[in-house]
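J.: TSV, C-alpha atoms, saved as start-v9.tsv, coming up:
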```tsv
chain	number	residue	atom	x	y	z
A	15	MET	CA	7.66	25.77	20.92
A	16	ALA	CA	5.12	27.70	22.93
A	17	GLN	CA	2.42	25.72	24.67
A	18	GLU	CA	-0.28	27.13	22.44
A	19	GLU	CA	1.51	25.85	19.33
A	20	GLN	CA	2.03	22.16	20.12
A	21	LEU	CA	2.11	20.15	16.92
A	22	LYS	CA	2.31	16.40	16.42
A	23	LEU	CA	2.32	14.65	13.04
A	24	PHE	CA	1.34	11.00	12.62
A	25	ARG	CA	2.91	9.62	9.46
A	26	THR	CA	4.75	6.67	7.93
A	27	TRP	CA	8.24	6.75	6.44
A	28	SER	CA	6.95	6.31	2.88
A	29	SER	CA	3.52	7.97	2.68
A	30	SER	CA	3.38	10.56	-0.10
A	31	PHE	CA	0.30	12.07	1.53
A	32	ALA	CA	2.09	12.57	4.83
A	33	LEU	CA	5.09	13.99	3.00
A	34	ARG	CA	2.88	16.85	1.83
A	35	VAL	CA	2.40	17.88	5.44
A	36	VAL	CA	6.11	17.52	6.23
A	37	TRP	CA	6.99	19.87	3.38
A	38	ALA	CA	4.33	22.41	4.35
A	39	LEU	CA	5.47	22.50	7.97
A	40	LYS	CA	9.08	22.97	6.85
A	41	ILE	CA	8.18	25.81	4.46
A	42	LYS	CA	6.29	27.49	7.30
A	43	GLY	CA	9.25	27.04	9.65
A	44	LEU	CA	7.17	25.17	12.24
A	45	GLU	CA	8.52	22.76	14.84
A	46	TYR	CA	6.60	19.56	15.47
A	47	GLU	CA	6.84	16.09	16.93
A	48	THR	CA	6.80	13.16	14.50
A	49	VAL	CA	5.08	9.88	15.33
A	50	PHE	CA	5.93	7.13	12.85
A	51	GLU	CA	3.13	4.62	12.43
A	52	ASP	CA	3.19	0.98	11.40
A	53	ILE	CA	0.11	0.71	9.18
A	54	THR	CA	-0.05	-3.05	9.79
A	55	ASN	CA	-0.23	-2.39	13.54
A	56	LYS	CA	-1.85	1.01	14.05
A	57	SER	CA	-1.35	2.69	17.37
A	58	PRO	CA	-4.23	3.46	19.74
A	59	SER	CA	-3.37	7.15	19.35
A	60	LEU	CA	-3.83	7.06	15.56
A	61	LEU	CA	-7.13	5.23	15.91
A	62	HIS	CA	-8.20	7.77	18.53
A	63	TYR	CA	-7.33	10.80	16.41
A	64	ASN	CA	-8.60	9.37	13.11
A	65	PRO	CA	-11.33	6.87	13.98
A	66	ILE	CA	-13.11	7.28	10.62
A	67	HIS	CA	-10.36	6.57	8.08
A	68	LYS	CA	-7.77	5.13	10.48
A	69	LYS	CA	-4.87	6.31	8.32
A	70	VAL	CA	-2.08	8.86	8.10
A	71	PRO	CA	-1.42	11.70	7.93
A	72	VAL	CA	-2.96	13.22	11.02
A	73	LEU	CA	-1.81	16.58	12.33
A	74	VAL	CA	-2.65	17.22	15.97
A	75	HIS	CA	-2.60	20.90	16.92
A	76	ASN	CA	-3.00	21.58	20.62
A	77	GLY	CA	-4.82	18.27	21.02
A	78	LYS	CA	-7.14	18.80	18.05
A	79	PRO	CA	-6.71	16.39	15.11
A	80	ILE	CA	-6.89	17.38	11.44
A	81	CYS	CA	-7.06	14.55	8.89
A	82	GLU	CA	-6.61	14.24	5.10
A	83	SER	CA	-3.48	15.77	3.60
A	84	LEU	CA	-5.05	18.49	1.44
A	85	VAL	CA	-7.28	19.57	4.32
A	86	ILE	CA	-4.23	19.71	6.56
A	87	LEU	CA	-2.36	21.89	4.05
A	88	GLU	CA	-5.20	24.42	4.05
A	89	TYR	CA	-5.38	24.35	7.85
A	90	ILE	CA	-1.65	25.05	8.10
A	91	ASP	CA	-1.93	27.88	5.59
A	92	ASP	CA	-4.92	29.42	7.37
A	93	THR	CA	-3.32	29.16	10.80
A	94	TRP	CA	0.21	30.35	10.00
A	95	LYS	CA	0.15	33.16	7.47
A	96	GLU	CA	3.87	33.55	6.82
A	97	ASN	CA	5.12	31.98	3.56
A	98	PRO	CA	1.64	31.40	2.11
A	99	LEU	CA	1.06	28.14	0.26
A	100	LEU	CA	-2.18	29.02	-1.52
A	101	PRO	CA	-2.49	32.00	-3.88
A	102	LEU	CA	-3.97	35.13	-2.35
A	103	ASP	CA	-6.27	35.83	-5.32
A	104	PRO	CA	-9.63	34.07	-4.76
A	105	TYR	CA	-9.86	32.74	-8.33
A	106	ASP	CA	-6.28	31.45	-8.32
A	107	LYS	CA	-6.92	29.87	-4.93
A	108	ALA	CA	-10.02	28.11	-6.24
A	109	MET	CA	-8.11	26.83	-9.27
A	110	ALA	CA	-5.31	25.49	-7.07
A	111	ARG	CA	-7.89	23.55	-5.04
A	112	PHE	CA	-9.54	22.28	-8.23
A	113	TRP	CA	-6.30	20.96	-9.73
A	114	ALA	CA	-5.17	19.44	-6.45
A	115	LYS	CA	-8.40	17.45	-6.25
A	116	TYR	CA	-8.05	16.55	-9.93
A	117	GLY	CA	-4.60	15.18	-9.17
A	118	ASP	CA	-5.84	12.95	-6.37
A	119	ASP	CA	-9.06	11.86	-8.08
A	120	LYS	CA	-7.84	11.47	-11.68
A	121	ILE	CA	-4.06	11.65	-12.19
A	122	MET	CA	-3.11	9.38	-9.31
A	123	THR	CA	-5.63	6.75	-10.36
A	124	SER	CA	-4.77	6.83	-14.06
A	125	VAL	CA	-1.00	6.72	-13.46
A	126	TRP	CA	-1.32	3.76	-11.08
A	127	SER	CA	-3.59	2.00	-13.58
A	128	VAL	CA	-0.85	2.08	-16.22
A	129	PHE	CA	1.50	0.07	-14.06
A	130	ILE	CA	-1.02	-2.55	-12.94
A	131	ALA	CA	-2.87	-2.98	-16.25
A	132	LYS	CA	-3.02	-6.28	-18.10
A	133	ARG	CA	-0.86	-6.30	-21.21
A	134	GLU	CA	-3.83	-6.03	-23.53
A	135	GLU	CA	-5.23	-3.10	-21.51
A	136	GLN	CA	-2.01	-1.16	-20.96
A	137	GLU	CA	-2.09	0.81	-24.22
A	138	GLU	CA	-5.52	2.18	-23.36
A	139	ALA	CA	-4.41	2.95	-19.80
A	140	ILE	CA	-1.34	4.82	-21.07
A	141	ALA	CA	-3.43	6.88	-23.50
A	142	LYS	CA	-5.78	7.92	-20.69
A	143	ALA	CA	-2.92	8.83	-18.36
A	144	LEU	CA	-1.17	10.88	-21.05
A	145	GLU	CA	-4.38	12.76	-21.80
A	146	GLU	CA	-4.85	13.66	-18.15
A	147	LEU	CA	-1.19	14.54	-17.62
A	148	ASN	CA	-1.45	16.94	-20.55
A	149	PHE	CA	-3.95	19.02	-18.57
A	150	ILE	CA	-1.31	19.39	-15.86
A	151	GLU	CA	1.34	20.27	-18.45
A	152	GLN	CA	-0.83	23.19	-19.56
A	153	GLN	CA	-0.96	24.58	-16.01
A	154	LEU	CA	2.81	25.08	-16.07
A	155	LYS	CA	2.99	27.43	-19.05
A	156	ASP	CA	5.41	30.29	-18.30
A	157	LYS	CA	5.94	28.97	-14.76
A	158	LYS	CA	8.79	27.36	-12.86
A	159	PHE	CA	6.35	25.93	-10.33
A	160	PHE	CA	2.56	25.66	-10.33
A	161	ASN	CA	2.63	28.46	-7.77
A	162	GLY	CA	4.92	30.63	-9.90
A	163	GLU	CA	8.51	31.18	-8.78
A	164	LYS	CA	8.13	29.48	-5.41
A	165	ILE	CA	6.78	26.12	-4.31
A	166	GLY	CA	3.19	26.34	-3.10
A	167	TYR	CA	0.09	24.31	-2.32
A	168	LEU	CA	-0.36	22.79	-5.77
A	169	ASP	CA	3.31	21.87	-6.09
A	170	ILE	CA	3.12	20.08	-2.75
A	171	ALA	CA	-0.09	18.33	-3.84
A	172	TYR	CA	1.68	16.97	-6.94
A	173	GLY	CA	4.90	16.18	-5.11
A	174	TRP	CA	4.14	12.44	-5.26
A	175	LEU	CA	4.47	12.64	-9.05
A	176	ALA	CA	8.06	13.86	-8.80
A	177	ASN	CA	9.00	10.85	-6.68
A	178	LEU	CA	6.79	7.84	-7.29
A	179	LEU	CA	6.54	8.16	-11.06
A	180	SER	CA	10.24	7.53	-11.64
A	181	ILE	CA	10.18	4.65	-9.16
A	182	LEU	CA	7.29	2.96	-10.96
A	183	GLU	CA	8.94	3.64	-14.32
A	184	GLU	CA	12.18	2.06	-13.13
A	185	ILE	CA	10.42	-1.03	-11.79
A	186	THR	CA	8.26	-1.65	-14.86
A	187	GLY	CA	10.30	-0.16	-17.71
A	188	VAL	CA	7.25	1.85	-18.81
A	189	GLU	CA	8.04	5.55	-19.30
A	190	LEU	CA	5.12	7.96	-19.04
A	191	VAL	CA	6.73	11.38	-18.70
A	192	ASP	CA	9.75	12.52	-20.70
A	193	ALA	CA	11.08	15.87	-21.85
A	194	GLU	CA	9.80	15.37	-25.39
A	195	LYS	CA	6.17	14.65	-24.52
A	196	PHE	CA	6.00	16.82	-21.42
A	197	PRO	CA	8.78	19.46	-21.43
A	198	LEU	CA	7.13	21.66	-18.80
A	199	LEU	CA	6.20	18.83	-16.45
A	200	SER	CA	9.66	17.30	-16.83
A	201	ALA	CA	11.28	20.63	-15.96
A	202	TRP	CA	8.94	21.01	-12.99
A	203	ILE	CA	9.86	17.54	-11.69
A	204	GLN	CA	13.54	18.47	-11.85
A	205	ASN	CA	13.08	21.90	-10.25
A	206	PHE	CA	10.83	20.53	-7.52
A	207	SER	CA	13.09	17.57	-6.75
A	208	GLU	CA	16.18	19.78	-6.47
A	209	ASP	CA	14.65	22.23	-4.02
A	210	PRO	CA	16.48	21.90	-0.67
A	211	VAL	CA	13.26	21.61	1.36
A	212	ILE	CA	11.98	18.82	-0.87
A	213	LYS	CA	15.28	16.92	-1.11
A	214	GLU	CA	15.70	16.89	2.66
A	215	PHE	CA	12.68	14.66	3.19
A	216	TRP	CA	12.60	12.28	0.20
A	217	PRO	CA	12.13	8.69	1.41
A	218	PRO	CA	15.19	6.51	0.68
A	219	ARG	CA	14.91	5.31	-2.91
A	220	ASP	CA	16.62	2.02	-2.11
A	221	LYS	CA	13.75	1.27	0.27
A	222	MET	CA	10.97	2.66	-1.93
A	223	ILE	CA	11.79	0.45	-4.93
A	224	PRO	CA	11.35	-2.91	-3.14
A	225	LYS	CA	8.29	-1.58	-1.34
A	226	PHE	CA	6.54	-0.66	-4.58
A	227	GLN	CA	7.86	-3.74	-6.35
A	228	ALA	CA	6.05	-5.81	-3.73
A	229	MET	CA	2.89	-3.71	-4.16
A	230	LEU	CA	2.97	-4.16	-7.93
A	231	ASN	CA	3.54	-7.90	-7.55
A	232	GLU	CA	0.19	-8.12	-5.78
A	233	TYR	CA	-1.48	-6.87	-8.96
A	234	LEU	CA	0.71	-8.13	-11.79
A	235	PRO	CA	0.09	-11.88	-11.43
A	236	ALA	CA	-3.64	-11.25	-11.40
A	237	ALA	CA	-3.24	-8.93	-14.36
A	238	GLY	CA	-1.52	-11.65	-16.34
A	239	SER	CA	1.83	-9.86	-16.55
```
Please lay out the structure from this file as structure tokens.
T.:
Amino acid sequence: MAQEEQLKLFRTWSSSFALRVVWALKIKGLEYETVFEDITNKSPSLLHYNPIHKKVPVLVHNGKPICESLVILEYIDDTWKENPLLPLDPYDKAMARFWAKYGDDKIMTSVWSVFIAKREEQEEAIAKALEELNFIEQQLKDKKFFNGEKIGYLDIAYGWLANLLSILEEITGVELVDAEKFPLLSAWIQNFSEDPVIKEFWPPRDKMIPKFQAMLNEYLPAAGS
């Protein structure tokens, strides 16, 4: 890689947020150095490059750090124009940003709430998650991907859903998304998961299940499960 294009990505092996950046860099055909972090023992470099949030991912481009996964995706797309991630139309671009933020602010929270809810609160949590997931279902009408025929910014933003949802469902036995309730979202999960770029970087499932089982166990006793 030329000197003016030095890239370094600070990530962990399991972070869905960091995985967004990995996918974007791959789609763009960019070479980069990976620095795997131990979040329980953060490196001085990570703390130097992200002193505010002190978390991954951080993309360092020619010594300049960019933090927060969605911000990093836009930076990558603005800097390297080939294989655009965001739509070119200004309205479509604005909508992609809106739904990406909706996913992080609403969908992620409501889905996680289902799996950590007390028994007496789970039905309400499921109803809320299904309502919010239905908004995403509607964005896939007549589309293979959110971006159309190719994976783009919004697909990458929702990539966590294609991976973590099935892991949480397997651990808890609670099924949120199936082909009957969400035919378009179910098809998208399958299409997204089978894309060669996506498949190449999935974290090992046999490591993800115990990791998230342990995370859920921190909540479930307190939730009375």
J.: Point out the residue among A:Val74, A:Pro79, A:His62, A:Ser57 with the least atom-to-atom distance to Leu23 of chain A, counting all atoms listed in the file.
T.: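 The answer is A:Val74, which sits nearest to Leu23 of chain A.
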J.: How close does segment 151-171 of chain A get to segment 83-93 of chain A? List, as JSON lines, each residue of segment 151-171 of chain A within 12 Å, its nearest atom pair and the distance in Å to one decimal, counting only C-alpha atoms.
T.:
```
{"residue": "A:Gly166", "atom": "CA", "partner": "A:Leu87", "partner_atom": "CA", "distance": 10.1}
{"residue": "A:Tyr167", "atom": "CA", "partner": "A:Leu87", "partner_atom": "CA", "distance": 7.2}
{"residue": "A:Leu168", "atom": "CA", "partner": "A:Leu84", "partner_atom": "CA", "distance": 9.6}
{"residue": "A:Asp169", "atom": "CA", "partner": "A:Leu87", "partner_atom": "CA", "distance": 11.6}
{"residue": "A:Ile170", "atom": "CA", "partner": "A:Leu87", "partner_atom": "CA", "distance": 8.9}
{"residue": "A:Ala171", "atom": "CA", "partner": "A:Leu84", "partner_atom": "CA", "distance": 7.2}
```
J.: Measuring between only C-alpha atoms, which one of A:Thr48, A:Lys40, A:Val188, A:Phe160 shows the shortest distance to Ile130 of chain A?
T.: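 For Ile130 of chain A, the nearest of the given residues is A:Val188.
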J.: Counting only C-alpha atoms, figure out which residue out of A:Trp216, A:Phe206, A:Tyr233, A:Phe24 gets nearest to Ser59 of chain A.
T.: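 Of the candidates, the smallest distance to Ser59 of chain A is held by A:Phe24.
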J.: Which of these, A:Ile80, A:Glu19, A:Pro218, A:Phe129, has the shortest distance to Glu232 of chain A once you count all atoms listed in the file?
T.: A:Phe129
J.: Find the residues near segment 26-35 of chain A: any atom within 6 Å, counting only C-alpha atoms, skip ones fewer than 6 places away on the same chain, and give them as a list of chain:residue names.
T.: A:Phe50, A:Glu51, A:Pro71, A:Ser83, A:Ile170, A:Trp174, A:Pro217
J.: Could you check how far atom CA of Leu175 of chain A sits from atom CA of Met122 of chain A, in Å to one decimal?
T.: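 Going from atom CA of Leu175 of chain A over to atom CA of Met122 of chain A, I get 8.3 Å.
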J.: I'd like the interatomic distance between atom CA of Arg219 of chain A and atom CA of Ser200 of chain A, to a tenth of an Å.
T.: 19.1 Å
J.: Can you write segment 174-186 of chain A from the block above with N, CA, C and O atoms, as an mmCIF file, in the first residue's frame?
T.:
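decode-v9.cif was written with the following content:
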```
data_model
loop_
_atom_site.group_PDB
_atom_site.id
_atom_site.type_symbol
_atom_site.label_atom_id
_atom_site.label_comp_id
_atom_site.auth_asym_id
_atom_site.auth_seq_id
_atom_site.Cartn_x
_atom_site.Cartn_y
_atom_site.Cartn_z
ATOM 1 N N TRP A 174 -25.296 -7.117 11.815
ATOM 2 C CA TRP A 174 -25.350 -7.775 13.129
ATOM 3 C C TRP A 174 -26.607 -8.637 13.265
ATOM 4 O O TRP A 174 -26.593 -9.686 13.909
ATOM 5 N N LEU A 175 -27.694 -8.175 12.634
ATOM 6 C CA LEU A 175 -28.970 -8.883 12.742
ATOM 7 C C LEU A 175 -28.890 -10.261 12.096
ATOM 8 O O LEU A 175 -29.491 -11.228 12.579
ATOM 9 N N ALA A 176 -28.125 -10.351 11.014
ATOM 10 C CA ALA A 176 -27.998 -11.623 10.296
ATOM 11 C C ALA A 176 -27.172 -12.640 11.066
ATOM 12 O O ALA A 176 -27.234 -13.835 10.769
ATOM 13 N N ASN A 177 -26.409 -12.177 12.042
ATOM 14 C CA ASN A 177 -25.526 -13.068 12.799
ATOM 15 C C ASN A 177 -26.010 -13.276 14.227
ATOM 16 O O ASN A 177 -26.305 -14.393 14.650
ATOM 17 N N LEU A 178 -26.137 -12.192 14.960
ATOM 18 C CA LEU A 178 -26.418 -12.300 16.394
ATOM 19 C C LEU A 178 -27.828 -12.784 16.690
ATOM 20 O O LEU A 178 -28.054 -13.456 17.706
ATOM 21 N N LEU A 179 -28.785 -12.462 15.823
ATOM 22 C CA LEU A 179 -30.162 -12.845 16.105
ATOM 23 C C LEU A 179 -30.292 -14.359 16.223
ATOM 24 O O LEU A 179 -30.883 -14.871 17.181
ATOM 25 N N SER A 180 -29.721 -15.095 15.271
ATOM 26 C CA SER A 180 -29.843 -16.549 15.319
ATOM 27 C C SER A 180 -29.092 -17.139 16.504
ATOM 28 O O SER A 180 -29.490 -18.164 17.072
ATOM 29 N N ILE A 181 -28.006 -16.492 16.905
ATOM 30 C CA ILE A 181 -27.255 -16.957 18.078
ATOM 31 C C ILE A 181 -28.082 -16.785 19.343
ATOM 32 O O ILE A 181 -28.193 -17.709 20.170
ATOM 33 N N LEU A 182 -28.700 -15.628 19.500
ATOM 34 C CA LEU A 182 -29.544 -15.380 20.673
ATOM 35 C C LEU A 182 -30.777 -16.281 20.665
ATOM 36 O O LEU A 182 -31.214 -16.764 21.718
ATOM 37 N N GLU A 183 -31.333 -16.507 19.479
ATOM 38 C CA GLU A 183 -32.489 -17.408 19.366
ATOM 39 C C GLU A 183 -32.109 -18.829 19.764
ATOM 40 O O GLU A 183 -32.864 -19.524 20.449
ATOM 41 N N GLU A 184 -30.935 -19.264 19.342
ATOM 42 C CA GLU A 184 -30.488 -20.622 19.673
ATOM 43 C C GLU A 184 -30.260 -20.777 21.171
ATOM 44 O O GLU A 184 -30.627 -21.794 21.769
ATOM 45 N N ILE A 185 -29.683 -19.763 21.786
ATOM 46 C CA ILE A 185 -29.382 -19.844 23.215
ATOM 47 C C ILE A 185 -30.657 -19.866 24.049
ATOM 48 O O ILE A 185 -30.780 -20.630 25.013
ATOM 49 N N THR A 186 -31.624 -19.031 23.683
ATOM 50 C CA THR A 186 -32.807 -18.837 24.523
ATOM 51 C C THR A 186 -34.018 -19.650 24.087
ATOM 52 O O THR A 186 -34.957 -19.842 24.877
#
```
